[in-house]
Amino acid sequence: MSFCSFAALVLFASVTLRADEGLWLFNQFPRAEVQKKYGIEVSDSFLAQLQHSSVRFNSGGSGSFVSPDGLLFTNHHVGADCIQKMSSKEHDYLKEGFLAKDYAGEKACPDLEVNVLLKISDITGQVKAGIAENATPAEDNRARRANIARIEKDCGATTGNRCDVVTLYAGGMYNLYEYKKYTDIRLVFAPEFAIAFFGGDPENFTFPRYALDICFFRAYENDKPVRPQHYLPFSRQGAKENELTFVSGHPGSTSRLFTMAQIEFARDVTVPFSLRRTGGVMKAAMEFGRKGPEEMRQRNDIYFGASNSFKAYTGFANGLNDPGLMDRKRQDEGKVKDDVLSDPAKTAKYGRIWDDVAAAVADVRTYYNKYYCYENVAFSTSELMWYGKTLERMAAEDKKPNGERLKEFTDSGRPALEQMLYSKAPIYPGLEAAMIAESFRFIAQELGPDDPVLVQALSGRKAEEVAEEAVKTSRLADPEFRKRLATDPAVRAAAKDDGILKLVRAFEGPAREYRKRYEDDYGARLAMISPKLAQARYDVYGAREYPDATFTLRLTFGPAIGYTELSGRNVPWATEMGGIYPHSTGIDPLALPDSWLKAKKSIDGRTAFNFVTTCDIHGGNSGSPTVNAKGEIVGIVFDGNLESLPNRYMYDSVRARSVHVASQGIVEALRKVYKANRVAKELGF
């Protein structure tokens with residue numbers, strides 16, 4: 001059976017699910033199972049309404065249109081990047097909150113893009129067209145990359161929309177996603193950080209919770225509010241216990257279809273590496289914040305992002321080191337292997353899959369740390385270093401044919417790239433220097449202080465000294481200079497002594513070398529093996545094999561129900577707003593803002609505030625709308641409990657829960673705490 005016929009079967013075969021598992025494509029949703037299990041019909045109109053109302057925030061989260069006037073709904077922590085960038089020493093909107101009194105008062109984000117998925121097309125045949133069966137992994141990779149670049153460019157030129165080729169089943173299937181994009185996004189309302197992240201890191205990834213992790217933006221076109229054809233109304237009744245809910249959002253990445261060799265690579269190498277990296281960033285940001293209140297404000301977004309990631313990776317590590325989870329993964333893989341080895345024809349076709357993956361993993365283990373340090377670590381927490389790397393590569397990549405460029409520099413991605421590159425968001429020199437120095441410290445820790453690339457970058461000096469000098473002698477903080485640098489060869493030639501660009505060049509050669517090896521060897525080998533693995537798994541599991549998450553739109557479902565912890569403690573399905581007051585200690589991170597203390601008597605304490613469901617979510621789902629069977633918003637995803645984090649590798653609904661802010665609590669807070677009647681009225685209240 002060819003993979004194309006496998007893909008067709010995935011879309012149309014009957015489904016038998018395990019619990020309420022599934023990060024489902026909208027063109028693959030198991031309607032029959034939902035009808036059978038819950039007695040609810042999922043219609044074409046329901047799916048279309050949800051798809052076209054859901055949005056992707058390219059800052060790393062999800063959201064939805066919730067009014068006919070372009071009002072966008074997401075999490076505070078998804079909007080925090082924009083809120084931080086529009087803040088200043090005089091107005092710390094992240095800390096103080098924000099409420100626009102009218103359209104004129106809505107503040108524009110400097111570099112935020114929001115996407116709405118319009119259309120999905122299966123283009124597996126087009127992506128693989130012209131690739132010889134005996135092609136080497138590198139040849140296969142180059143041909144696929146050229147085909148993808150052409151498809152994306154042609155689609156964008158024809159439609160005027162954003163077009164992304166999405167890799168599914170690790171290369172077993174390819175879909176073309178066509179998006180309507182909005183780049184004029186303005187902040188309408190955000191609560192104070194203290195209530196959006198109430199409980200702080202100690203209560204992150206836990207339940208019960210009491211947090212108003214929400215904010216509202218508005219999309220504009222031609223300086224006027226967007227009038228979307230589709231939006232999701234707020235429910236009049238709100239969330240209810242035992243009610244079936246649906247979550248439409250953009251989970252970032254999962255590893256449920258990984259082989260054991262890949263799972264063990266994550267356990268032994270990639271997850272511990274990420275724990276060390278995020279831990280170092282947390283420490284450096286914390287130390288920078290101790291310098292004073294303004295430094296504390298400047299570092300907040302980086303610090304809280306790193307602390308959130310650190311806790312998430314801790315949960316991933318716990319899952320990977322859980323013998324029970326690993327045994328289940330081995331049994332799952334063994335079931336497929338046994339099916340293959342029981343049939344001589346299948347053995348001939350698929351018998352080497354697992355050995356081939358293991359060989360690819362064994363090779364990448366030998367250089368993964370160097371690849372990630374050179375290509376990512378040096379640039380991931382410094383805006384200036386990212387600007388420098390992007391400008392340096394843009395000059396080289398633009399000389400190549402579109403199909404031969406690195407993916408981020410192809411013609412189809414250029415508008416989004418330039419929006420970020422020419423952002424007018426503020427740059428904080430002290431914070432930049434601290435983050436660059438931390439990157440050098442981490443590279444020395446991982447690769448040794450005598451690593452030749454690091455030695456060249458530091459030239460015998462201390463990391464802090466080099467970082468401070470690079471920032472002071474660079475002009476990349478100026479967006480107009482960055483634009484001239486990108487477009488004028490004379491300016492580029494004159495900038496050879498720019499401090500940041502000199503650092504970037506120290507890493508550029510080795511970074512390209514290891515990236516090419518990673519993509520042309522490891523990535524390409526897996527892409528050639530994965531269709532066979534997907535087919536082998538399909539023969540055993542049928543249409544239950546949804547693809548791993550790819551930061552593209554997925555739909556999940558599950559009831560709002562509590563759970564029982566391992567300790568035997570029963571956890572209720574929801575918290576009530578009145579419960580936040582006895583839970584508050586008055587000391588950060590359990591200190592309520594003044595607005596909530598003043599509103600205590602007017603709030604209906606019995607109103608549902610946060611609740612949990614069995615909906616299958618993962619990082620990137622933050623801000624996803626939670627809707628009932630009528631397509632009405634009953635909440636918004638903002639977290640999962642600790643027990644849900646190993647779901648990255650294998651779903652389990654016994655104790656794993658997604659955590660949501662209840663719609664009735666949101667409306668109560670808008671009306672009683674913030675007097676945000678303009679927003680409440682737009683939501684229908």
# chains A, B, ... in the order shown; residues from 1 in each chain; ligands from 1

$ residues_around --residues "Met435 of chain A" --least-positions-apart "3" --cutoff "10 Å" --atoms "only C-alpha atoms" --output "list in words"
Gly280, Val281, Ala284, Ala285, Phe288, Arg299, Ile302, Ala378, Phe379, Ser380, Thr381, Ser382, Glu383, Met385, Pro429, Gly430, Leu431, Glu432, Glu438, Ser439, Phe440, Arg441, Glu464 and Ala467 of chain A

$ select_by_dssp --residues "segment 74-104 of chain A" --states "alpha helix (DSSP H)" --output "list of chain:residue names"
A:His76, A:His77, A:Val78, A:Gly79, A:Ala80, A:Asp81, A:Cys82, A:Ile83, A:Gln84, A:Lys85, A:Met86, A:Tyr93, A:Leu94, A:Lys95, A:Glu96

$ residues_around --residues "segment 394-396 of chain A" --least-positions-apart "5" --cutoff "10 Å" --atoms "only C-alpha atoms" --output "NGL selection string"
:A and (388-389 or 405-406 or 408-410 or 485-487 or 489 or 492)

$ write_last_selection --atoms "C-alpha atoms" --output "short mmCIF file (atom, residue, chain, number, x, y, z; two decimals), in the first residue's frame"
data_model
loop_
_atom_site.label_atom_id
_atom_site.label_comp_id
_atom_site.auth_asym_id
_atom_site.auth_seq_id
_atom_site.Cartn_x
_atom_site.Cartn_y
_atom_site.Cartn_z
CA GLY A 388 22.86 39.88 13.65
CA LYS A 389 22.58 36.21 12.72
CA ARG A 405 17.86 28.62 0.73
CA LEU A 406 17.45 27.77 4.38
CA GLU A 408 13.43 30.75 7.06
CA PHE A 409 14.85 32.75 4.16
CA THR A 410 12.59 31.52 1.35
CA LEU A 485 22.01 46.89 6.53
CA ALA A 486 19.67 44.37 4.90
CA THR A 487 19.16 46.35 1.71
CA PRO A 489 25.63 46.52 0.36
CA ARG A 492 26.83 46.19 5.12
#

$ atom_distance --atom1 "atom CA of Pro572 of chain A" --atom2 "atom CA of Phe611 of chain A"
8.4 Å

$ residues_around --residues "Ala32 of chain A" --least-positions-apart "2" --cutoff "9 Å" --atoms "only C-alpha atoms" --output "PDB file with C-alpha atoms, in the first residue's frame"
ATOM      1  CA  SER A  14     -13.671   4.346  11.180  1.00  0.00           C
ATOM      2  CA  VAL A  15     -11.994   5.157  14.477  1.00  0.00           C
ATOM      3  CA  PHE A  29     -11.624  14.477  13.374  1.00  0.00           C
ATOM      4  CA  PRO A  30     -13.241  11.266  14.789  1.00  0.00           C
ATOM      5  CA  VAL A  34     -17.754  11.363  19.674  1.00  0.00           C
ATOM      6  CA  GLN A  35     -21.294  10.545  18.523  1.00  0.00           C
ATOM      7  CA  LYS A  36     -21.029   7.003  19.886  1.00  0.00           C
ATOM      8  CA  LYS A  37     -19.430   7.907  23.213  1.00  0.00           C
ATOM      9  CA  GLU A  41     -22.970  15.187  16.536  1.00  0.00           C
ATOM     10  CA  VAL A  42     -19.962  17.138  15.315  1.00  0.00           C
TER      11      VAL A  42
END

$ closest_residue --among "A:Val504, A:Pro415, A:Asp184, A:Asp102" --to "Gln456 of chain A" --atoms "only C-alpha atoms"
A:Val504

$ decode --residues "segment 541-678 of chain A" --atoms "C-alpha atoms" --output "JSON list (two decimals), in the first residue's frame"
[["chain", "number", "residue", "atom", "x", "y", "z"],
["A", 541, "TYR", "CA", -3.59, 0.84, 14.95],
["A", 542, "GLY", "CA", -5.57, 2.05, 11.95],
["A", 543, "ALA", "CA", -6.90, 5.60, 11.95],
["A", 544, "ARG", "CA", -6.09, 6.14, 15.62],
["A", 545, "GLU", "CA", -2.66, 7.26, 14.45],
["A", 546, "TYR", "CA", -3.03, 11.03, 14.42],
["A", 547, "PRO", "CA", 0.22, 12.92, 13.69],
["A", 548, "ASP", "CA", 2.42, 14.48, 16.36],
["A", 549, "ALA", "CA", 1.88, 18.18, 17.08],
["A", 550, "THR", "CA", 3.50, 20.69, 14.69],
["A", 551, "PHE", "CA", 2.24, 24.12, 15.96],
["A", 552, "THR", "CA", -0.65, 23.79, 13.54],
["A", 553, "LEU", "CA", -4.37, 23.77, 14.24],
["A", 554, "ARG", "CA", -5.70, 20.70, 16.05],
["A", 555, "LEU", "CA", -8.98, 19.80, 17.75],
["A", 556, "THR", "CA", -9.31, 17.80, 20.97],
["A", 557, "PHE", "CA", -12.24, 16.92, 23.23],
["A", 558, "GLY", "CA", -13.00, 15.76, 26.77],
["A", 559, "PRO", "CA", -15.38, 16.32, 29.69],
["A", 560, "ALA", "CA", -14.89, 18.73, 32.58],
["A", 561, "ILE", "CA", -14.19, 16.31, 35.42],
["A", 562, "GLY", "CA", -11.95, 16.21, 38.48],
["A", 563, "TYR", "CA", -9.49, 13.47, 39.38],
["A", 564, "THR", "CA", -7.86, 11.61, 42.25],
["A", 565, "GLU", "CA", -4.20, 12.21, 43.00],
["A", 566, "LEU", "CA", -1.80, 9.34, 43.72],
["A", 567, "SER", "CA", -1.99, 10.37, 47.39],
["A", 568, "GLY", "CA", -5.73, 9.62, 47.31],
["A", 569, "ARG", "CA", -6.79, 13.27, 47.50],
["A", 570, "ASN", "CA", -9.84, 14.05, 45.38],
["A", 571, "VAL", "CA", -9.41, 17.15, 43.23],
["A", 572, "PRO", "CA", -12.67, 18.89, 42.24],
["A", 573, "TRP", "CA", -13.43, 19.88, 38.67],
["A", 574, "ALA", "CA", -13.40, 23.63, 39.38],
["A", 575, "THR", "CA", -12.42, 26.38, 41.80],
["A", 576, "GLU", "CA", -14.69, 29.28, 42.74],
["A", 577, "MET", "CA", -13.77, 32.96, 42.68],
["A", 578, "GLY", "CA", -14.41, 33.41, 46.38],
["A", 579, "GLY", "CA", -11.76, 30.79, 47.13],
["A", 580, "ILE", "CA", -8.97, 33.09, 46.02],
["A", 581, "TYR", "CA", -9.29, 35.30, 49.09],
["A", 582, "PRO", "CA", -8.53, 32.70, 51.78],
["A", 583, "HIS", "CA", -5.87, 31.27, 49.45],
["A", 584, "SER", "CA", -4.11, 34.64, 49.26],
["A", 585, "THR", "CA", -1.34, 35.31, 51.80],
["A", 586, "GLY", "CA", -0.63, 38.90, 50.81],
["A", 587, "ILE", "CA", 2.94, 37.90, 49.94],
["A", 588, "ASP", "CA", 4.13, 37.38, 46.38],
["A", 589, "PRO", "CA", 3.27, 35.14, 44.51],
["A", 590, "LEU", "CA", 0.02, 34.83, 46.50],
["A", 591, "ALA", "CA", -0.59, 38.56, 46.83],
["A", 592, "LEU", "CA", -3.75, 39.92, 45.21],
["A", 593, "PRO", "CA", -3.64, 43.24, 43.35],
["A", 594, "ASP", "CA", -5.54, 46.16, 44.88],
["A", 595, "SER", "CA", -8.27, 45.90, 42.24],
["A", 596, "TRP", "CA", -9.24, 42.45, 43.55],
["A", 597, "LEU", "CA", -9.09, 43.46, 47.21],
["A", 598, "LYS", "CA", -11.40, 46.41, 46.53],
["A", 599, "ALA", "CA", -13.85, 44.25, 44.56],
["A", 600, "LYS", "CA", -14.13, 41.47, 47.15],
["A", 601, "LYS", "CA", -17.61, 42.41, 48.37],
["A", 602, "SER", "CA", -19.07, 42.82, 44.89],
["A", 603, "ILE", "CA", -17.77, 39.54, 43.40],
["A", 604, "ASP", "CA", -20.11, 36.54, 43.47],
["A", 605, "GLY", "CA", -17.80, 34.10, 45.24],
["A", 606, "ARG", "CA", -19.68, 31.06, 43.92],
["A", 607, "THR", "CA", -18.74, 31.82, 40.32],
["A", 608, "ALA", "CA", -16.56, 29.16, 38.66],
["A", 609, "PHE", "CA", -13.04, 30.49, 38.15],
["A", 610, "ASN", "CA", -10.63, 27.78, 36.92],
["A", 611, "PHE", "CA", -11.54, 24.24, 35.88],
["A", 612, "VAL", "CA", -10.04, 21.08, 34.43],
["A", 613, "THR", "CA", -10.92, 18.75, 31.55],
["A", 614, "THR", "CA", -9.42, 15.65, 29.96],
["A", 615, "CYS", "CA", -8.83, 17.54, 26.69],
["A", 616, "ASP", "CA", -5.55, 16.43, 25.13],
["A", 617, "ILE", "CA", -3.33, 19.53, 24.95],
["A", 618, "HIS", "CA", 0.34, 20.47, 24.90],
["A", 619, "GLY", "CA", 2.58, 23.54, 24.83],
["A", 620, "GLY", "CA", 1.30, 25.96, 22.17],
["A", 621, "ASN", "CA", -2.32, 25.28, 23.17],
["A", 622, "SER", "CA", -2.09, 28.18, 25.61],
["A", 623, "GLY", "CA", -4.88, 30.62, 24.71],
["A", 624, "SER", "CA", -6.95, 27.98, 22.93],
["A", 625, "PRO", "CA", -10.70, 28.54, 23.13],
["A", 626, "THR", "CA", -12.61, 25.94, 25.13],
["A", 627, "VAL", "CA", -16.11, 25.53, 23.67],
["A", 628, "ASN", "CA", -19.22, 23.50, 24.36],
["A", 629, "ALA", "CA", -21.13, 21.40, 21.82],
["A", 630, "LYS", "CA", -22.88, 24.56, 20.58],
["A", 631, "GLY", "CA", -19.56, 26.19, 19.71],
["A", 632, "GLU", "CA", -19.84, 28.71, 22.57],
["A", 633, "ILE", "CA", -16.82, 29.69, 24.63],
["A", 634, "VAL", "CA", -16.94, 28.24, 28.14],
["A", 635, "GLY", "CA", -13.28, 28.86, 28.93],
["A", 636, "ILE", "CA", -9.73, 29.24, 27.73],
["A", 637, "VAL", "CA", -6.76, 26.86, 28.12],
["A", 638, "PHE", "CA", -3.88, 28.26, 30.14],
["A", 639, "ASP", "CA", -2.09, 25.32, 31.71],
["A", 640, "GLY", "CA", -1.95, 21.60, 32.37],
["A", 641, "ASN", "CA", -1.25, 19.85, 35.64],
["A", 642, "LEU", "CA", 2.09, 18.20, 36.39],
["A", 643, "GLU", "CA", 0.58, 14.81, 35.61],
["A", 644, "SER", "CA", -0.16, 15.98, 32.05],
["A", 645, "LEU", "CA", 3.44, 16.81, 31.10],
["A", 646, "PRO", "CA", 4.47, 13.21, 30.24],
["A", 647, "ASN", "CA", 1.61, 13.31, 27.70],
["A", 648, "ARG", "CA", 4.27, 14.69, 25.39],
["A", 649, "TYR", "CA", 5.30, 11.07, 24.91],
["A", 650, "MET", "CA", 2.14, 9.06, 25.68],
["A", 651, "TYR", "CA", -1.37, 10.26, 26.54],
["A", 652, "ASP", "CA", -2.95, 9.24, 29.86],
["A", 653, "SER", "CA", -6.25, 10.68, 31.09],
["A", 654, "VAL", "CA", -6.35, 9.05, 34.55],
["A", 655, "ARG", "CA", -4.82, 12.06, 36.31],
["A", 656, "ALA", "CA", -3.62, 14.27, 33.48],
["A", 657, "ARG", "CA", -5.77, 17.37, 33.05],
["A", 658, "SER", "CA", -5.79, 20.55, 31.00],
["A", 659, "VAL", "CA", -6.49, 23.69, 33.06],
["A", 660, "HIS", "CA", -8.84, 26.46, 31.88],
["A", 661, "VAL", "CA", -10.14, 29.85, 33.00],
["A", 662, "ALA", "CA", -13.95, 29.62, 33.15],
["A", 663, "SER", "CA", -15.89, 32.04, 30.95],
["A", 664, "GLN", "CA", -18.25, 33.00, 33.78],
["A", 665, "GLY", "CA", -15.27, 33.95, 35.94],
["A", 666, "ILE", "CA", -13.86, 36.06, 33.12],
["A", 667, "VAL", "CA", -17.11, 37.98, 32.68],
["A", 668, "GLU", "CA", -17.46, 38.45, 36.45],
["A", 669, "ALA", "CA", -13.93, 39.89, 36.65],
["A", 670, "LEU", "CA", -14.44, 42.20, 33.66],
["A", 671, "ARG", "CA", -17.62, 43.62, 35.14],
["A", 672, "LYS", "CA", -16.97, 43.63, 38.89],
["A", 673, "VAL", "CA", -13.19, 44.05, 39.22],
["A", 674, "TYR", "CA", -12.16, 46.09, 36.20],
["A", 675, "LYS", "CA", -15.36, 47.87, 35.19],
["A", 676, "ALA", "CA", -14.38, 46.87, 31.66],
["A", 677, "ASN", "CA", -17.94, 47.30, 30.47],
["A", 678, "ARG", "CA", -16.85, 48.09, 26.92]]
